[in-house]
Amino acid sequence: MLPPRPPNASTHHGKEVLSTARKPITRSAPTCGDSDDGKLKPKLVLNPNKKHKPESYDDLELDFCPLVFSSLERHLPQKMLNAPREDKLKYMHEILVSYVPPGSQNRVQKQKEYKERIMSLYKPLHRELYTIDPTTFFVPTFLKAINDNTEESFRSIVSQPIPGIFTFEMLQPHFCELLLSEVENFEMWVKEANFRIMRPNILNKYGVVLDDFGFQPMLDKLMEDFICPLSKVFFTEVGGSTLDSHHGFIVEYGACRDVELGLHVDDSEVTLNVCLGRKFSGGELFFSGHAM
């Protein structure tokens with residue numbers, strides 16, 4: 001788990017899952033006025049209504065992360081706060097789309113159609129992985145720290161070998177094994193179906209984006225309930241308390257896979273880095289020249 005600024009390079013034999021969490025981009029709120037079609041544009045208020053409890057949008061398939069809508073809801077005009085959820089969603093969606101360039105809107109739509117096609121064709125091997133079950137996902141020490149939800153409890157489970165880099169036990173071995181099995185099953189389906197998938201980034205030729213085949217709701221929950229509590233404590237200066245989107249993926253390194261990942265800077269406020277290798281040698285991970 002680390003802030004994004006220090007460049008880092010990694011060489012692994014095995015598999016590695018990374019979930020990069022991002023905070024919202026702050027821009028001026030749209031103002032109310034005439035649009036090109038003569039209709040009034042929706043607007044947000046500058047100061048959030050902290051007493052208002054926003055609704056959850058986790059059960060919906062949306063173009064934007066559900067947490068974005070929950071965050072924006074506190075900035076809705078007073079008359080909109082108690083409106084039906086569908087009306088609030090439409091209102092906020094129109095605002096968000098207004099910031100997306102036309103070309104990007106097309107990409108968002110194509111990405112949505114791409115995910116929908118995969119999820120309509122691929123049959124998960126371990127459906128229990130797609131919904132968080134804290135007791136089977138996490139080790140007891142991590143879960144206790146999250147439930148206690150204090151800075152003292154978080155610091156009791158982490159070590160800091162390098163300033164800004166925190167290590168801790170988090171995931172149950174059985175969960176990791178099931179996740180590897182699910183990814184291998186997905187990769188087998190891709191090969192058998194001759195389905196062309198998008199890789200995690202331009203630097204890796206091997207690996208999968210977890211969000212693309214059904215893991216987005218689970219990763220949303222992971223970020224909101226289990227990563228944000230820690231990032232609020234350890235990464236306040238880089239937006240750790242305002243994370244609302246993520247890019248979750250697994251990359252694979254080996255003799256016949258990607259051999260290494262060169263020096264780079266993650267495009268995120270916080271990165272959660274998990275080693276999922278079964279049996280391998282090497283696998284050093286470097287942060288600004290410090291090996292781990």
# chains A, B, ... in the order shown; residues from 1 in each chain; ligands from 1
call {"tool": "residues_around", "arguments": {"residues": "range 78-82 of chain A", "least_positions_apart": "2", "cutoff": "10 Å", "atoms": "only C-alpha atoms", "output": "PyMOL selection string"}}
result
chain A and resi 44-45+49+52-55+73-76+84-85+87-88+91
call {"tool": "select_by_dssp", "arguments": {"residues": "range 61-252 of chain A", "states": "strand (DSSP E)", "output": "MDAnalysis selection string"}}
result
chainID A and resid 159:162 165:167 207:209 245:252
call {"tool": "residues_around", "arguments": {"residues": "range 180-187 of chain A", "least_positions_apart": "2", "cutoff": "10 Å", "atoms": "only C-alpha atoms", "output": "PDB file with N, CA and C atoms, in the first residue's frame"}}
result
ATOM      1  N   LYS A  15       1.999 -14.185  -9.730  1.00  0.00           N
ATOM      2  CA  LYS A  15       0.945 -13.228 -10.059  1.00  0.00           C
ATOM      3  C   LYS A  15       0.845 -12.173  -8.983  1.00  0.00           C
ATOM      4  N   GLU A  16       0.404 -11.006  -9.404  1.00  0.00           N
ATOM      5  CA  GLU A  16       0.338  -9.875  -8.500  1.00  0.00           C
ATOM      6  C   GLU A  16      -0.959  -9.141  -8.762  1.00  0.00           C
ATOM      7  N   VAL A  17      -1.683  -8.840  -7.709  1.00  0.00           N
ATOM      8  CA  VAL A  17      -2.925  -8.084  -7.871  1.00  0.00           C
ATOM      9  C   VAL A  17      -2.703  -6.683  -7.353  1.00  0.00           C
ATOM     10  N   TYR A 122     -19.191 -15.210 -20.013  1.00  0.00           N
ATOM     11  CA  TYR A 122     -18.306 -15.931 -19.088  1.00  0.00           C
ATOM     12  C   TYR A 122     -19.073 -16.427 -17.862  1.00  0.00           C
ATOM     13  N   LYS A 123     -18.873 -17.689 -17.501  1.00  0.00           N
ATOM     14  CA  LYS A 123     -19.492 -18.281 -16.328  1.00  0.00           C
ATOM     15  C   LYS A 123     -18.455 -18.396 -15.214  1.00  0.00           C
ATOM     16  N   PRO A 124     -18.607 -17.648 -14.119  1.00  0.00           N
ATOM     17  CA  PRO A 124     -17.627 -17.677 -13.020  1.00  0.00           C
ATOM     18  C   PRO A 124     -17.481 -19.075 -12.434  1.00  0.00           C
ATOM     19  N   LEU A 125     -16.276 -19.374 -12.003  1.00  0.00           N
ATOM     20  CA  LEU A 125     -15.992 -20.655 -11.370  1.00  0.00           C
ATOM     21  C   LEU A 125     -16.320 -20.612  -9.880  1.00  0.00           C
ATOM     22  N   HIS A 126     -15.999 -19.491  -9.230  1.00  0.00           N
ATOM     23  CA  HIS A 126     -16.236 -19.334  -7.791  1.00  0.00           C
ATOM     24  C   HIS A 126     -17.070 -18.070  -7.567  1.00  0.00           C
ATOM     25  N   ARG A 127     -18.366 -18.201  -7.652  1.00  0.00           N
ATOM     26  CA  ARG A 127     -19.247 -17.036  -7.526  1.00  0.00           C
ATOM     27  C   ARG A 127     -19.148 -16.369  -6.163  1.00  0.00           C
ATOM     28  N   LEU A 129     -16.668 -15.371  -4.693  1.00  0.00           N
ATOM     29  CA  LEU A 129     -15.629 -14.339  -4.679  1.00  0.00           C
ATOM     30  C   LEU A 129     -16.156 -12.963  -5.081  1.00  0.00           C
ATOM     31  N   HIS A 174      -6.673 -19.157   1.576  1.00  0.00           N
ATOM     32  CA  HIS A 174      -7.688 -19.864   0.790  1.00  0.00           C
ATOM     33  C   HIS A 174      -8.364 -18.926  -0.207  1.00  0.00           C
ATOM     34  N   PHE A 175      -8.610 -17.699   0.215  1.00  0.00           N
ATOM     35  CA  PHE A 175      -9.189 -16.713  -0.703  1.00  0.00           C
ATOM     36  C   PHE A 175      -8.240 -16.466  -1.869  1.00  0.00           C
ATOM     37  N   CYS A 176      -6.951 -16.302  -1.579  1.00  0.00           N
ATOM     38  CA  CYS A 176      -5.969 -16.053  -2.639  1.00  0.00           C
ATOM     39  C   CYS A 176      -5.936 -17.205  -3.631  1.00  0.00           C
ATOM     40  N   GLU A 177      -6.029 -18.430  -3.122  1.00  0.00           N
ATOM     41  CA  GLU A 177      -6.014 -19.603  -3.999  1.00  0.00           C
ATOM     42  C   GLU A 177      -7.257 -19.625  -4.893  1.00  0.00           C
ATOM     43  N   LEU A 178      -8.409 -19.300  -4.324  1.00  0.00           N
ATOM     44  CA  LEU A 178      -9.637 -19.258  -5.121  1.00  0.00           C
ATOM     45  C   LEU A 178      -9.566 -18.161  -6.179  1.00  0.00           C
ATOM     46  N   TRP A 189     -11.007 -19.489 -20.538  1.00  0.00           N
ATOM     47  CA  TRP A 189     -12.191 -19.170 -21.339  1.00  0.00           C
ATOM     48  C   TRP A 189     -11.824 -18.210 -22.470  1.00  0.00           C
ATOM     49  N   VAL A 190     -10.997 -17.231 -22.177  1.00  0.00           N
ATOM     50  CA  VAL A 190     -10.566 -16.270 -23.199  1.00  0.00           C
ATOM     51  C   VAL A 190      -9.892 -16.984 -24.362  1.00  0.00           C
ATOM     52  N   LYS A 191      -9.026 -17.936 -24.011  1.00  0.00           N
ATOM     53  CA  LYS A 191      -8.302 -18.678 -25.057  1.00  0.00           C
ATOM     54  C   LYS A 191      -9.242 -19.562 -25.865  1.00  0.00           C
ATOM     55  N   GLU A 192     -10.120 -20.279 -25.167  1.00  0.00           N
ATOM     56  CA  GLU A 192     -11.030 -21.200 -25.870  1.00  0.00           C
ATOM     57  C   GLU A 192     -12.054 -20.457 -26.713  1.00  0.00           C
ATOM     58  N   ALA A 193     -12.510 -19.302 -26.218  1.00  0.00           N
ATOM     59  CA  ALA A 193     -13.511 -18.525 -26.946  1.00  0.00           C
ATOM     60  C   ALA A 193     -12.881 -17.602 -27.982  1.00  0.00           C
ATOM     61  N   PHE A 195     -11.494 -14.858 -27.446  1.00  0.00           N
ATOM     62  CA  PHE A 195     -12.035 -13.538 -27.112  1.00  0.00           C
ATOM     63  C   PHE A 195     -10.869 -12.592 -26.829  1.00  0.00           C
ATOM     64  N   ILE A 197      -9.262  -9.610 -25.097  1.00  0.00           N
ATOM     65  CA  ILE A 197      -9.504  -8.796 -23.908  1.00  0.00           C
ATOM     66  C   ILE A 197      -8.495  -7.665 -23.819  1.00  0.00           C
ATOM     67  N   TYR A 206       0.515  -9.591 -20.255  1.00  0.00           N
ATOM     68  CA  TYR A 206      -0.183 -10.684 -19.591  1.00  0.00           C
ATOM     69  C   TYR A 206      -0.877 -10.151 -18.345  1.00  0.00           C
ATOM     70  N   GLY A 207      -2.078 -10.619 -18.104  1.00  0.00           N
ATOM     71  CA  GLY A 207      -2.838 -10.157 -16.949  1.00  0.00           C
ATOM     72  C   GLY A 207      -4.264  -9.833 -17.341  1.00  0.00           C
ATOM     73  N   VAL A 208      -5.096  -9.613 -16.328  1.00  0.00           N
ATOM     74  CA  VAL A 208      -6.512  -9.338 -16.574  1.00  0.00           C
ATOM     75  C   VAL A 208      -6.981  -8.186 -15.691  1.00  0.00           C
ATOM     76  N   VAL A 209      -7.992  -7.470 -16.164  1.00  0.00           N
ATOM     77  CA  VAL A 209      -8.637  -6.412 -15.389  1.00  0.00           C
ATOM     78  C   VAL A 209      -9.818  -7.040 -14.657  1.00  0.00           C
ATOM     79  N   LEU A 210      -9.755  -7.068 -13.348  1.00  0.00           N
ATOM     80  CA  LEU A 210     -10.796  -7.728 -12.556  1.00  0.00           C
ATOM     81  C   LEU A 210     -12.164  -7.082 -12.745  1.00  0.00           C
ATOM     82  N   PHE A 213     -14.689  -8.486 -15.654  1.00  0.00           N
ATOM     83  CA  PHE A 213     -15.496  -9.707 -15.669  1.00  0.00           C
ATOM     84  C   PHE A 213     -16.215  -9.953 -14.344  1.00  0.00           C
ATOM     85  N   ILE A 250      -4.874  -7.953 -12.181  1.00  0.00           N
ATOM     86  CA  ILE A 250      -3.832  -8.926 -11.864  1.00  0.00           C
ATOM     87  C   ILE A 250      -2.871  -8.996 -13.045  1.00  0.00           C
ATOM     88  N   LEU A 276       0.563 -12.776  -5.176  1.00  0.00           N
ATOM     89  CA  LEU A 276      -0.267 -13.973  -5.212  1.00  0.00           C
ATOM     90  C   LEU A 276       0.488 -15.181  -5.743  1.00  0.00           C
ATOM     91  N   GLY A 277       1.797 -15.090  -5.838  1.00  0.00           N
ATOM     92  CA  GLY A 277       2.572 -16.201  -6.384  1.00  0.00           C
ATOM     93  C   GLY A 277       2.485 -17.442  -5.527  1.00  0.00           C
ATOM     94  N   ARG A 278       2.429 -18.616  -6.182  1.00  0.00           N
ATOM     95  CA  ARG A 278       2.393 -19.886  -5.448  1.00  0.00           C
ATOM     96  C   ARG A 278       3.817 -20.331  -5.095  1.00  0.00           C
TER      97      ARG A 278
END
call {"tool": "residues_around", "arguments": {"residues": "range 139-151 of chain A", "least_positions_apart": "6", "cutoff": "8 Å", "atoms": "only C-alpha atoms", "output": "list in words"}}
result
Ile157, Glu169, Met170, Leu171, Gln172, Phe226, Pro229 and Val233 of chain A
call {"tool": "write_last_selection", "arguments": {"atoms": "N, CA and C atoms", "output": "PDB file, in the first residue's frame"}}
result
ATOM      1  N   ILE A 157      -1.099  -3.343  13.279  1.00  0.00           N
ATOM      2  CA  ILE A 157      -0.972  -4.455  12.330  1.00  0.00           C
ATOM      3  C   ILE A 157      -0.004  -4.144  11.188  1.00  0.00           C
ATOM      4  N   GLU A 169      -0.479  -8.101   6.909  1.00  0.00           N
ATOM      5  CA  GLU A 169      -1.222  -9.278   6.470  1.00  0.00           C
ATOM      6  C   GLU A 169      -2.674  -8.881   6.280  1.00  0.00           C
ATOM      7  N   MET A 170      -3.259  -9.363   5.191  1.00  0.00           N
ATOM      8  CA  MET A 170      -4.614  -8.936   4.881  1.00  0.00           C
ATOM      9  C   MET A 170      -5.528 -10.085   4.445  1.00  0.00           C
ATOM     10  N   LEU A 171      -5.100 -10.852   3.447  1.00  0.00           N
ATOM     11  CA  LEU A 171      -5.994 -11.822   2.816  1.00  0.00           C
ATOM     12  C   LEU A 171      -5.730 -13.255   3.285  1.00  0.00           C
ATOM     13  N   GLN A 172      -6.819 -14.007   3.409  1.00  0.00           N
ATOM     14  CA  GLN A 172      -6.719 -15.412   3.770  1.00  0.00           C
ATOM     15  C   GLN A 172      -6.083 -16.205   2.617  1.00  0.00           C
ATOM     16  N   PHE A 226     -12.728  -1.270   3.469  1.00  0.00           N
ATOM     17  CA  PHE A 226     -11.543  -1.909   4.023  1.00  0.00           C
ATOM     18  C   PHE A 226     -10.226  -1.225   3.666  1.00  0.00           C
ATOM     19  N   PRO A 229     -10.565   3.173   5.297  1.00  0.00           N
ATOM     20  CA  PRO A 229     -10.265   3.423   6.709  1.00  0.00           C
ATOM     21  C   PRO A 229      -8.765   3.546   6.985  1.00  0.00           C
ATOM     22  N   VAL A 233      -5.953   7.343   7.457  1.00  0.00           N
ATOM     23  CA  VAL A 233      -4.943   7.513   8.512  1.00  0.00           C
ATOM     24  C   VAL A 233      -3.556   7.713   7.927  1.00  0.00           C
TER      25      VAL A 233
END
call {"tool": "closest_atom_pairs", "arguments": {"of": "range 192-281 of chain A", "to": "range 66-69 of chain A", "cutoff": "8 Å", "atoms": "only C-alpha atoms", "output": "Markdown table"}}
result
| residue | atom | partner | partner_atom | distance |
| --- | --- | --- | --- | --- |
| A:Asp220 | CA | A:Leu67 | CA | 7.8 |
| A:Asp244 | CA | A:Leu67 | CA | 5.4 |
| A:Ser245 | CA | A:Leu67 | CA | 7.2 |
call {"tool": "write_last_selection", "arguments": {"atoms": "C-alpha atoms", "output": "PDB file, in the first residue's frame"}}
result
ATOM      1  CA  ASP A 220     -15.929  -1.034  -4.747  1.00  0.00           C
ATOM      2  CA  ASP A 244     -14.023   6.955  -4.834  1.00  0.00           C
ATOM      3  CA  SER A 245     -12.802   4.909  -7.817  1.00  0.00           C
TER       4      SER A 245
END
call {"tool": "closest_residue", "arguments": {"among": "A:Tyr99, A:Tyr130, A:Phe154, A:Phe280", "to": "Lys221 in chain A", "atoms": "only C-alpha atoms"}}
result
A:Tyr130
call {"tool": "select_by_dssp", "arguments": {"residues": "range 173-223 of chain A", "states": "helix (DSSP H, G or I)", "output": "VMD selection string"}}
result
chain A and resid 173 to 193 210 to 213 216 to 223
call {"tool": "atom_distance", "arguments": {"atom1": "CA of Cys228 in chain A", "atom2": "CA of Leu243 in chain A"}}
result
6.8 Å
call {"tool": "residues_around", "arguments": {"residues": "Glu61 in chain A", "least_positions_apart": "5", "cutoff": "10 Å", "atoms": "only C-alpha atoms", "output": "CSV table (one decimal) with N, CA, C and O atoms, in the first residue's frame"}}
result
chain,number,residue,atom,x,y,z
A,66,PRO,N,-20.2,3.9,-8.4
A,66,PRO,CA,-21.4,4.2,-7.5
A,66,PRO,C,-21.0,5.2,-6.4
A,66,PRO,O,-21.8,6.0,-6.0
A,112,LYS,N,-18.4,0.0,-21.5
A,112,LYS,CA,-19.6,-0.6,-20.9
A,112,LYS,C,-20.1,-1.8,-21.7
A,112,LYS,O,-20.4,-2.9,-21.1
A,116,GLU,N,-20.3,-5.8,-20.5
A,116,GLU,CA,-21.5,-6.5,-20.6
A,116,GLU,C,-21.4,-7.7,-21.4
A,116,GLU,O,-22.0,-8.8,-21.1
A,216,GLN,N,-16.1,-5.6,-10.2
A,216,GLN,CA,-16.2,-4.2,-9.8
A,216,GLN,C,-17.0,-4.0,-8.5
A,216,GLN,O,-16.5,-3.2,-7.7
A,217,PRO,N,-18.2,-4.5,-8.3
A,217,PRO,CA,-18.9,-4.3,-7.1
A,217,PRO,C,-18.2,-4.8,-5.9
A,217,PRO,O,-18.2,-4.1,-4.8
call {"tool": "residues_around", "arguments": {"residues": "Cys65 in chain A", "least_positions_apart": "6", "cutoff": "12 Å", "atoms": "only C-alpha atoms", "output": "VMD selection string"}}
result
chain A and resid 21 to 24 56 to 59 71 to 72 93 96 211 216 to 217 219 to 221 223 to 224 243 to 247
call {"tool": "atom_distance", "arguments": {"atom1": "CA of Phe168 in chain A", "atom2": "CA of Val274 in chain A"}}
result
10.1 Å
call {"tool": "residues_around", "arguments": {"residues": "Phe166 in chain A", "least_positions_apart": "2", "cutoff": "10 Å", "atoms": "only C-alpha atoms", "output": "number ranges by chain"}}
result
A: 1-3, 155, 157-164, 168, 234, 272
call {"tool": "closest_residue", "arguments": {"among": "A:Leu62, A:Ile165, A:Val97, A:Val259", "to": "Thr271 in chain A", "atoms": "only C-alpha atoms"}}
result
A:Ile165
call {"tool": "atom_distance", "arguments": {"atom1": "CA of Leu179 in chain A", "atom2": "CA of Ile118 in chain A"}}
result
17.9 Å
